[in-house]
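A.B. asks: Sharing run28.pdb, PDB, C-alpha atoms, pLDDT in the B column:
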ATOM      1  CA  MET A 266      14.138  15.406  14.257  1.00 63.00           C
ATOM      2  CA  SER A 267      13.016  11.787  14.614  1.00 71.00           C
ATOM      3  CA  PRO A 268      14.977   9.026  12.846  1.00 77.00           C
ATOM      4  CA  ALA A 269      13.827   7.993   9.379  1.00 83.00           C
ATOM      5  CA  MET A 270      14.326   4.742   7.524  1.00 87.00           C
ATOM      6  CA  LEU A 271      15.412   5.479   3.965  1.00 90.00           C
ATOM      7  CA  HIS A 272      16.392   3.017   1.253  1.00 90.00           C
ATOM      8  CA  GLY A 273      19.311   3.532  -1.056  1.00 91.00           C
ATOM      9  CA  ILE A 274      22.071   1.975  -3.106  1.00 90.00           C
ATOM     10  CA  ILE A 275      25.758   2.072  -2.230  1.00 90.00           C
ATOM     11  CA  HIS A 276      28.173   3.273  -4.912  1.00 91.00           C
ATOM     12  CA  GLY A 277      31.650   3.046  -3.393  1.00 91.00           C
ATOM     13  CA  ARG A 278      31.645   5.593  -0.567  1.00 91.00           C
ATOM     14  CA  THR A 279      28.391   7.237  -1.695  1.00 91.00           C
ATOM     15  CA  ILE A 280      24.850   6.146  -0.807  1.00 91.00           C
ATOM     16  CA  GLU A 281      22.216   7.137  -3.385  1.00 92.00           C
ATOM     17  CA  LEU A 282      18.855   7.478  -1.626  1.00 92.00           C
ATOM     18  CA  GLN A 283      15.692   6.386  -3.427  1.00 91.00           C
ATOM     19  CA  GLN A 284      13.711   9.306  -1.988  1.00 91.00           C
ATOM     20  CA  ASP A 285      14.449  12.792  -0.671  1.00 91.00           C
ATOM     21  CA  SER A 286      15.698  12.817   2.916  1.00 90.00           C
ATOM     22  CA  GLY A 287      14.177  16.212   3.671  1.00 90.00           C
ATOM     23  CA  LEU A 288      17.500  17.366   5.116  1.00 91.00           C
ATOM     24  CA  PRO A 289      19.481  20.320   3.798  1.00 92.00           C
ATOM     25  CA  ASP A 290      22.579  19.702   1.658  1.00 92.00           C
ATOM     26  CA  GLY A 291      25.655  19.406   3.869  1.00 92.00           C
ATOM     27  CA  GLN A 292      23.712  18.282   6.967  1.00 92.00           C
ATOM     28  CA  LYS A 293      25.731  15.900   9.130  1.00 93.00           C
ATOM     29  CA  VAL A 294      23.989  12.593   9.836  1.00 91.00           C
ATOM     30  CA  VAL A 295      24.588   9.258  11.509  1.00 92.00           C
ATOM     31  CA  VAL A 296      24.138   6.271   9.192  1.00 89.00           C
ATOM     32  CA  THR A 297      23.501   2.648  10.160  1.00 90.00           C
ATOM     33  CA  VAL A 298      23.859   0.343   7.158  1.00 89.00           C
ATOM     34  CA  GLN A 299      21.875  -2.890   6.911  1.00 88.00           C
ATOM     35  CA  ALA A 300      21.902  -4.944   3.722  1.00 85.00           C
ATOM     36  CA  LEU A 301      18.519  -5.972   2.341  1.00 82.00           C
ATOM     37  CA  PRO A 302      18.030  -9.644   1.451  1.00 76.00           C
ATOM     38  CA  ASP A 303      19.091 -10.415  -2.104  1.00 72.00           C
ATOM     39  CA  ALA A 304      15.964 -11.514  -3.984  1.00 62.00           C
ATOM     40  CA  SER A 305      18.075 -13.604  -6.366  1.00 69.00           C
ATOM     41  CA  ARG A 306      18.986 -15.907  -3.468  1.00 77.00           C
ATOM     42  CA  LEU A 307      15.414 -16.909  -2.674  1.00 77.00           C
ATOM     43  CA  SER A 308      14.353 -20.493  -3.183  1.00 81.00           C
ATOM     44  CA  PRO A 309      12.140 -21.151  -6.225  1.00 82.00           C
ATOM     45  CA  GLY A 310       8.620 -19.840  -5.599  1.00 81.00           C
ATOM     46  CA  GLU A 311       9.568 -17.938  -2.437  1.00 79.00           C
ATOM     47  CA  GLY A 312       9.318 -14.557  -4.171  1.00 77.00           C
ATOM     48  CA  LEU A 313       5.761 -15.318  -5.260  1.00 79.00           C
ATOM     49  CA  ARG A 314       4.817 -16.535  -1.796  1.00 78.00           C
ATOM     50  CA  ARG A 315       6.087 -13.263  -0.340  1.00 77.00           C
ATOM     51  CA  ALA A 316       4.432 -11.134  -3.011  1.00 79.00           C
ATOM     52  CA  PHE A 317       1.020 -12.778  -2.577  1.00 76.00           C
ATOM     53  CA  GLY A 318       1.263 -13.120   1.185  1.00 74.00           C
ATOM     54  CA  GLY A 319      -1.260 -10.317   1.640  1.00 73.00           C
ATOM     55  CA  TRP A 320      -3.990 -12.603   0.294  1.00 73.00           C
ATOM     56  CA  ALA A 321      -2.906 -15.631   2.332  1.00 72.00           C
ATOM     57  CA  GLU A 322      -5.701 -15.318   4.892  1.00 75.00           C
ATOM     58  CA  ASP A 323      -8.379 -14.081   2.479  1.00 79.00           C
ATOM     59  CA  GLY A 324      -8.675 -16.518  -0.428  1.00 80.00           C
ATOM     60  CA  ASP A 325     -12.430 -15.975  -0.838  1.00 87.00           C
ATOM     61  CA  GLU A 326     -11.975 -12.214  -1.163  1.00 86.00           C
ATOM     62  CA  LEU A 327      -9.228 -12.792  -3.733  1.00 85.00           C
ATOM     63  CA  ASP A 328     -11.563 -15.023  -5.768  1.00 88.00           C
ATOM     64  CA  ARG A 329     -14.279 -12.329  -5.705  1.00 91.00           C
ATOM     65  CA  TYR A 330     -11.785  -9.652  -6.779  1.00 90.00           C
ATOM     66  CA  LEU A 331     -10.428 -11.754  -9.656  1.00 90.00           C
ATOM     67  CA  GLU A 332     -13.953 -12.505 -10.904  1.00 93.00           C
ATOM     68  CA  TRP A 333     -14.901  -8.816 -10.679  1.00 92.00           C
ATOM     69  CA  ASN A 334     -11.729  -7.953 -12.632  1.00 91.00           C
ATOM     70  CA  ARG A 335     -12.607 -10.474 -15.371  1.00 90.00           C
ATOM     71  CA  GLN A 336     -16.108  -8.989 -15.679  1.00 90.00           C
ATOM     72  CA  GLN A 337     -14.741  -5.434 -15.893  1.00 88.00           C
ATOM     73  CA  ARG A 338     -12.463  -6.428 -18.743  1.00 87.00           C
ATOM     74  CA  LYS A 339     -15.390  -7.875 -20.713  1.00 84.00           C
ATOM     75  CA  MET A 340     -17.620  -4.794 -20.402  1.00 82.00           C
ATOM     76  CA  ASN A 341     -16.101  -2.609 -23.118  1.00 77.00           C
ATOM     77  CA  ARG A 342     -14.636  -5.221 -25.440  1.00 76.00           C
ATOM     78  CA  ARG A 343     -15.660  -5.269 -29.051  1.00 78.00           C
ATOM     79  CA  GLU A 344     -16.819  -8.544 -30.508  1.00 77.00           C
ATOM     80  CA  ILE A 345     -14.242 -10.363 -32.638  1.00 79.00           C
ATOM     81  CA  ASP A 346     -15.452 -11.013 -36.160  1.00 78.00           C
ATOM     82  CA  PRO A 347     -14.562 -14.503 -37.436  1.00 72.00           C
TER      83      PRO A 347
END
What is this structure when it is put down as structure tokens?
C.D. replies:
Amino acid sequence: MSPAMLHGIIHGRTIELQQDSGLPDGQKVVVTVQALPDASRLSPGEGLRRAFGGWAEDGDELDRYLEWNRQQRKMNRREIDP
């Protein structure tokens, strides 16, 4: 079986995986533990820069998508009576 990268949370001597490993209960495994960066230690704004990084090279496409999204929201709205 090829190695898999699984994410989990450590609870004392137990690691709770976020998804099924696909291995049978009791299967012996080798585990390499690497801590993920703590998001609370990021500088202000860094989390947003990372989250929106996928649009970094495609600002025009992002503008078109946002405009399309605005238009879609308007299509089925009822008029507000004053």
A.B. asks: Mind pulling up the distance from CA of Arg342 in chain A to CA of Arg329 in chain A?
C.D. replies: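 Separation of CA of Arg329 in chain A and CA of Arg342 in chain A: 21.0 Å.
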A.B. asks: In Å, rounded to a single decimal, give me how far CA of Glu332 in chain A is from CA of Ala316 in chain A.
C.D. replies: 20.1 Å
A.B. asks: Select, from A:Asp290, A:Val295, A:Asp323, A:Leu301, the residue with the minimum atom-to-atom distance to His272 in chain A, counting all atoms listed in the file.
C.D. replies: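 For His272 in chain A, the nearest of the given residues is A:Leu301.
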A.B. asks: One decimal, Å: what's the distance from CA of Asn334 in chain A over to CA of Trp320 in chain A, could you say?
C.D. replies: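 Straight-line distance from CA of Asn334 in chain A to CA of Trp320 in chain A works out to 15.8 Å.
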A.B. asks: I'd like to know which of A:Ser267, A:Leu327, A:Lys339, A:Ile274 is closest to Val294 in chain A, using all atoms listed in the file.
C.D. replies: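 The answer is A:Ser267, which sits nearest to Val294 in chain A.
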A.B. asks: Tell me which residues the PyMOL selection byres ((chain A and resi 285) around 12) grabs here, as a CSV table (one decimal) with C-alpha atoms, keeping the file's coordinate frame.
C.D. replies:
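selection01.csv was written with the following content:
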chain,number,residue,atom,x,y,z
A,269,ALA,CA,13.8,8.0,9.4
A,270,MET,CA,14.3,4.7,7.5
A,271,LEU,CA,15.4,5.5,4.0
A,272,HIS,CA,16.4,3.0,1.3
A,273,GLY,CA,19.3,3.5,-1.1
A,281,GLU,CA,22.2,7.1,-3.4
A,282,LEU,CA,18.9,7.5,-1.6
A,283,GLN,CA,15.7,6.4,-3.4
A,284,GLN,CA,13.7,9.3,-2.0
A,286,SER,CA,15.7,12.8,2.9
A,287,GLY,CA,14.2,16.2,3.7
A,288,LEU,CA,17.5,17.4,5.1
A,289,PRO,CA,19.5,20.3,3.8
A,290,ASP,CA,22.6,19.7,1.7
A.B. asks: Identify which of the residues A:Arg343, A:Ile275, A:Asp328, A:Arg338 lies closest to Gln299 in chain A, counting all atoms listed in the file when measuring atom-to-atom distances.
C.D. replies: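 Selected residue with least distance to Gln299 in chain A: A:Ile275.
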